[in-house]
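S.K.: Got input-v1.cif for you, mmCIF, N, CA and C atoms:
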data_model
#
loop_
_atom_site.label_atom_id
_atom_site.label_comp_id
_atom_site.auth_asym_id
_atom_site.auth_seq_id
_atom_site.Cartn_x
_atom_site.Cartn_y
_atom_site.Cartn_z
N MET H 1 32.13 -42.82 -49.25
CA MET H 1 33.40 -42.17 -49.55
C MET H 1 33.11 -40.87 -50.31
N VAL H 2 33.67 -39.80 -49.85
CA VAL H 2 33.48 -38.52 -50.52
C VAL H 2 34.58 -38.33 -51.57
N ARG H 3 34.34 -37.42 -52.47
CA ARG H 3 35.27 -37.20 -53.59
C ARG H 3 36.68 -36.90 -53.11
N GLU H 4 36.82 -36.09 -52.07
CA GLU H 4 38.15 -35.73 -51.58
C GLU H 4 38.91 -36.97 -51.09
N SER H 5 38.20 -37.86 -50.44
CA SER H 5 38.81 -39.09 -49.96
C SER H 5 39.22 -39.98 -51.13
N LEU H 6 38.36 -40.06 -52.14
CA LEU H 6 38.66 -40.83 -53.34
C LEU H 6 39.89 -40.26 -54.04
N GLU H 7 39.94 -38.96 -54.18
CA GLU H 7 41.08 -38.31 -54.83
C GLU H 7 42.36 -38.55 -54.03
N ALA H 8 42.29 -38.46 -52.72
CA ALA H 8 43.46 -38.69 -51.87
C ALA H 8 43.95 -40.13 -52.00
N THR H 9 43.03 -41.07 -52.08
CA THR H 9 43.40 -42.48 -52.25
C THR H 9 44.13 -42.69 -53.57
N LEU H 10 43.57 -42.13 -54.64
CA LEU H 10 44.23 -42.26 -55.94
C LEU H 10 45.62 -41.63 -55.93
N GLU H 11 45.71 -40.44 -55.37
CA GLU H 11 47.00 -39.76 -55.34
C GLU H 11 48.02 -40.57 -54.53
N ARG H 12 47.63 -41.06 -53.38
CA ARG H 12 48.53 -41.85 -52.54
C ARG H 12 49.02 -43.11 -53.27
N GLU H 13 48.10 -43.81 -53.91
CA GLU H 13 48.46 -45.06 -54.58
C GLU H 13 49.30 -44.82 -55.84
N PHE H 14 49.01 -43.77 -56.58
CA PHE H 14 49.83 -43.46 -57.76
C PHE H 14 51.23 -43.01 -57.32
N ARG H 15 51.31 -42.21 -56.28
CA ARG H 15 52.62 -41.79 -55.77
C ARG H 15 53.45 -43.00 -55.35
N ALA H 16 52.81 -43.93 -54.66
CA ALA H 16 53.52 -45.13 -54.22
C ALA H 16 53.99 -45.95 -55.42
N ALA H 17 53.12 -46.13 -56.41
CA ALA H 17 53.47 -46.92 -57.59
C ALA H 17 54.60 -46.27 -58.39
N LEU H 18 54.65 -44.95 -58.37
CA LEU H 18 55.67 -44.22 -59.12
C LEU H 18 56.90 -43.86 -58.27
N LEU H 19 56.89 -44.31 -57.01
CA LEU H 19 57.98 -44.03 -56.08
C LEU H 19 58.22 -42.53 -55.93
N MET H 20 57.13 -41.78 -55.80
CA MET H 20 57.20 -40.33 -55.66
C MET H 20 57.07 -39.93 -54.20
N THR H 21 57.61 -38.78 -53.87
CA THR H 21 57.45 -38.22 -52.53
C THR H 21 56.33 -37.18 -52.56
N GLU H 22 55.96 -36.71 -51.40
CA GLU H 22 54.92 -35.67 -51.32
C GLU H 22 55.35 -34.40 -52.06
N GLY H 23 56.63 -34.15 -52.12
CA GLY H 23 57.14 -32.94 -52.77
C GLY H 23 57.15 -33.01 -54.29
N ASP H 24 57.06 -34.22 -54.84
CA ASP H 24 57.06 -34.38 -56.29
C ASP H 24 55.69 -34.01 -56.86
N GLU H 25 55.71 -33.35 -58.01
CA GLU H 25 54.45 -33.00 -58.67
C GLU H 25 53.87 -34.23 -59.36
N LEU H 26 52.58 -34.45 -59.12
CA LEU H 26 51.87 -35.55 -59.75
C LEU H 26 50.77 -34.96 -60.63
N PRO H 27 51.04 -34.81 -61.93
CA PRO H 27 50.04 -34.22 -62.82
C PRO H 27 48.88 -35.18 -63.06
N PHE H 28 47.68 -34.73 -62.77
CA PHE H 28 46.48 -35.55 -62.93
C PHE H 28 46.04 -35.66 -64.39
N ASP H 29 46.58 -34.80 -65.26
CA ASP H 29 46.15 -34.80 -66.66
C ASP H 29 47.18 -35.43 -67.60
N GLN H 30 48.19 -36.07 -67.05
CA GLN H 30 49.24 -36.70 -67.87
C GLN H 30 49.01 -38.21 -67.92
N SER H 31 49.29 -38.80 -69.06
CA SER H 31 49.13 -40.23 -69.25
C SER H 31 49.93 -41.03 -68.24
N PHE H 32 49.34 -42.14 -67.77
CA PHE H 32 50.06 -43.04 -66.86
C PHE H 32 51.40 -43.45 -67.46
N PHE H 33 51.40 -43.70 -68.76
CA PHE H 33 52.60 -44.15 -69.44
C PHE H 33 53.66 -43.06 -69.45
N ASP H 34 53.23 -41.80 -69.67
CA ASP H 34 54.16 -40.67 -69.64
C ASP H 34 54.72 -40.44 -68.24
N LEU H 35 53.95 -40.81 -67.23
CA LEU H 35 54.42 -40.69 -65.85
C LEU H 35 55.44 -41.77 -65.50
N GLY H 36 55.50 -42.82 -66.32
CA GLY H 36 56.48 -43.87 -66.10
C GLY H 36 55.92 -45.23 -65.75
N LEU H 37 54.60 -45.36 -65.71
CA LEU H 37 54.01 -46.67 -65.42
C LEU H 37 54.03 -47.55 -66.66
N THR H 38 54.22 -48.82 -66.45
CA THR H 38 54.15 -49.80 -67.53
C THR H 38 52.78 -50.48 -67.48
N SER H 39 52.48 -51.29 -68.48
CA SER H 39 51.23 -52.04 -68.47
C SER H 39 51.13 -52.91 -67.22
N LEU H 40 52.23 -53.54 -66.84
CA LEU H 40 52.23 -54.36 -65.63
C LEU H 40 52.00 -53.51 -64.39
N GLY H 41 52.64 -52.36 -64.34
CA GLY H 41 52.45 -51.46 -63.20
C GLY H 41 51.02 -50.98 -63.08
N ILE H 42 50.40 -50.67 -64.21
CA ILE H 42 49.01 -50.23 -64.20
C ILE H 42 48.10 -51.36 -63.74
N THR H 43 48.38 -52.56 -64.20
CA THR H 43 47.57 -53.71 -63.79
C THR H 43 47.69 -53.95 -62.29
N GLU H 44 48.89 -53.86 -61.74
CA GLU H 44 49.08 -54.04 -60.30
C GLU H 44 48.38 -52.93 -59.52
N LEU H 45 48.47 -51.71 -60.01
CA LEU H 45 47.81 -50.58 -59.36
C LEU H 45 46.30 -50.76 -59.41
N LYS H 46 45.78 -51.22 -60.53
CA LYS H 46 44.35 -51.49 -60.68
C LYS H 46 43.87 -52.48 -59.61
N GLU H 47 44.62 -53.55 -59.44
CA GLU H 47 44.25 -54.56 -58.45
C GLU H 47 44.27 -53.97 -57.03
N ARG H 48 45.26 -53.16 -56.75
CA ARG H 48 45.36 -52.52 -55.42
C ARG H 48 44.18 -51.58 -55.20
N LEU H 49 43.84 -50.78 -56.21
CA LEU H 49 42.72 -49.85 -56.08
C LEU H 49 41.39 -50.59 -55.94
N GLU H 50 41.23 -51.66 -56.69
CA GLU H 50 40.00 -52.46 -56.57
C GLU H 50 39.84 -52.99 -55.15
N TYR H 51 40.94 -53.44 -54.57
CA TYR H 51 40.90 -53.95 -53.19
C TYR H 51 40.54 -52.82 -52.22
N LEU H 52 41.20 -51.68 -52.35
CA LEU H 52 40.97 -50.56 -51.44
C LEU H 52 39.58 -49.96 -51.56
N LEU H 53 39.08 -49.88 -52.81
CA LEU H 53 37.79 -49.23 -53.06
C LEU H 53 36.62 -50.20 -53.04
N GLY H 54 36.92 -51.48 -53.09
CA GLY H 54 35.85 -52.48 -53.06
C GLY H 54 34.99 -52.50 -54.30
N CYS H 55 35.60 -52.18 -55.44
CA CYS H 55 34.85 -52.22 -56.70
C CYS H 55 35.79 -52.61 -57.83
N GLU H 56 35.20 -53.14 -58.89
CA GLU H 56 35.98 -53.50 -60.06
C GLU H 56 36.19 -52.25 -60.92
N ILE H 57 37.39 -52.12 -61.46
CA ILE H 57 37.71 -50.99 -62.34
C ILE H 57 37.85 -51.54 -63.75
N ASN H 58 37.09 -51.00 -64.67
CA ASN H 58 37.12 -51.42 -66.06
C ASN H 58 38.51 -51.15 -66.65
N THR H 59 39.12 -52.16 -67.19
CA THR H 59 40.46 -52.03 -67.78
C THR H 59 40.48 -51.01 -68.90
N ASN H 60 39.38 -50.89 -69.66
CA ASN H 60 39.32 -49.92 -70.75
C ASN H 60 39.54 -48.50 -70.26
N VAL H 61 39.03 -48.18 -69.07
CA VAL H 61 39.21 -46.84 -68.51
C VAL H 61 40.70 -46.56 -68.30
N LEU H 62 41.42 -47.56 -67.86
CA LEU H 62 42.85 -47.38 -67.58
C LEU H 62 43.70 -47.27 -68.83
N PHE H 63 43.32 -47.96 -69.89
CA PHE H 63 44.16 -47.99 -71.08
C PHE H 63 43.67 -47.07 -72.20
N ASN H 64 42.39 -46.74 -72.24
CA ASN H 64 41.87 -45.87 -73.30
C ASN H 64 41.94 -44.39 -72.94
N SER H 65 41.84 -44.07 -71.68
CA SER H 65 41.95 -42.68 -71.21
C SER H 65 42.85 -42.67 -69.98
N PRO H 66 44.11 -42.96 -70.18
CA PRO H 66 44.99 -43.24 -69.04
C PRO H 66 45.51 -42.01 -68.29
N THR H 67 44.62 -41.30 -67.61
CA THR H 67 45.06 -40.21 -66.74
C THR H 67 44.37 -40.37 -65.39
N ILE H 68 44.99 -39.82 -64.37
CA ILE H 68 44.38 -39.87 -63.04
C ILE H 68 43.07 -39.09 -63.06
N GLU H 69 43.05 -37.99 -63.76
CA GLU H 69 41.84 -37.16 -63.87
C GLU H 69 40.66 -37.96 -64.43
N ARG H 70 40.88 -38.69 -65.51
CA ARG H 70 39.80 -39.50 -66.11
C ARG H 70 39.39 -40.64 -65.20
N LEU H 71 40.36 -41.26 -64.54
CA LEU H 71 40.05 -42.34 -63.61
C LEU H 71 39.24 -41.79 -62.44
N LEU H 72 39.61 -40.64 -61.93
CA LEU H 72 38.87 -40.01 -60.84
C LEU H 72 37.44 -39.72 -61.26
N GLU H 73 37.25 -39.18 -62.46
CA GLU H 73 35.90 -38.90 -62.96
C GLU H 73 35.08 -40.18 -63.04
N HIS H 74 35.68 -41.22 -63.60
CA HIS H 74 34.99 -42.50 -63.74
C HIS H 74 34.59 -43.07 -62.38
N LEU H 75 35.53 -43.08 -61.45
CA LEU H 75 35.24 -43.65 -60.14
C LEU H 75 34.26 -42.80 -59.34
N ALA H 76 34.36 -41.49 -59.47
CA ALA H 76 33.41 -40.61 -58.76
C ALA H 76 31.99 -40.85 -59.26
N GLU H 77 31.85 -41.02 -60.56
CA GLU H 77 30.53 -41.30 -61.12
C GLU H 77 30.01 -42.65 -60.62
N ARG H 78 30.88 -43.64 -60.63
CA ARG H 78 30.49 -44.99 -60.22
C ARG H 78 30.23 -45.12 -58.73
N LEU H 79 31.14 -44.60 -57.93
CA LEU H 79 31.07 -44.81 -56.49
C LEU H 79 30.24 -43.75 -55.77
N LEU H 80 30.23 -42.55 -56.30
CA LEU H 80 29.56 -41.45 -55.61
C LEU H 80 28.30 -40.99 -56.32
N GLY H 81 28.05 -41.52 -57.51
CA GLY H 81 26.86 -41.14 -58.26
C GLY H 81 26.92 -39.74 -58.83
N GLU H 82 28.13 -39.21 -59.00
CA GLU H 82 28.26 -37.87 -59.57
C GLU H 82 28.10 -37.96 -61.08
N GLY H 83 27.19 -37.17 -61.62
CA GLY H 83 26.98 -37.16 -63.06
C GLY H 83 28.08 -36.45 -63.81
N HIS H 84 28.63 -35.44 -63.20
CA HIS H 84 29.76 -34.73 -63.79
C HIS H 84 30.61 -34.18 -62.65
N VAL H 85 31.88 -34.15 -62.89
CA VAL H 85 32.79 -33.67 -61.84
C VAL H 85 33.79 -32.70 -62.40
#
Can you present the structure in this file as structure tokens?
M.R.:
Amino acid sequence: MVRESLEATLEREFRAALLMTEGDELPFDQSFFDLGLTSLGITELKERLEYLLGCEINTNVLFNSPTIERLLEHLAERLLGEGHV
């Protein structure tokens, strides 16, 4: 999986979880909670992403640095071996 594909997957799944359309702005640097996700919503999204990506996502990443940008960095490093993104 290349980074662009990973980013597209995250964007698609976050948009679906937040009931957003393609026309809605999805800020990658805003907290999941500020975007409107609850702890339950984040947990459900985590499970969906784990299934789609075939890897476990550390819960600390989701709750300690809760932005799409940080999650993308974490997953790119884990799945793609990128040292920095």
S.K.: Please identify which residues in range 11-52 of chain H DSSP calls helix (DSSP H, G or I) from the backbone, and express them as a list in words.
M.R.: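 Those in range 11-52 of chain H that DSSP calls helix (DSSP H, G or I) are Glu11, Arg12, Glu13, Phe14, Arg15, Ala16, Ala17, Phe32, Phe33, Asp34, Leu35, Ser39, Leu40, Gly41, Ile42, Thr43, Glu44, Leu45, Lys46, Glu47, Arg48, Leu49, Glu50, Tyr51 and Leu52 of chain H.
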S.K.: One number please: CA of Ser31 in chain H to atom N of Leu62 in chain H, in Å, one decimal.
M.R.: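 About the pair CA of Ser31 in chain H and atom N of Leu62 in chain H: they are 10.7 Å apart.
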S.K.: Show me, as a PyMOL selection string, the residues that have an atom within 8 Å of range 2-16 of chain H when counting only N, CA and C atoms, minus same-chain residues fewer than 5 positions from it.
M.R.: chain H and resi 21-22+26+45+48-49+68+72+75-76+79-80
S.K.: Quote the spacing between atom C of Gly54 in chain H and atom N of Gln30 in chain H in Å to one decimal place.
M.R.: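 Between atom C of Gly54 in chain H and atom N of Gln30 in chain H the gap is 24.6 Å.
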S.K.: Report, in Å with one decimal, the straight-line distance from atom N of Asp29 in chain H to atom N of Glu69 in chain H.
M.R.: 5.0 Å
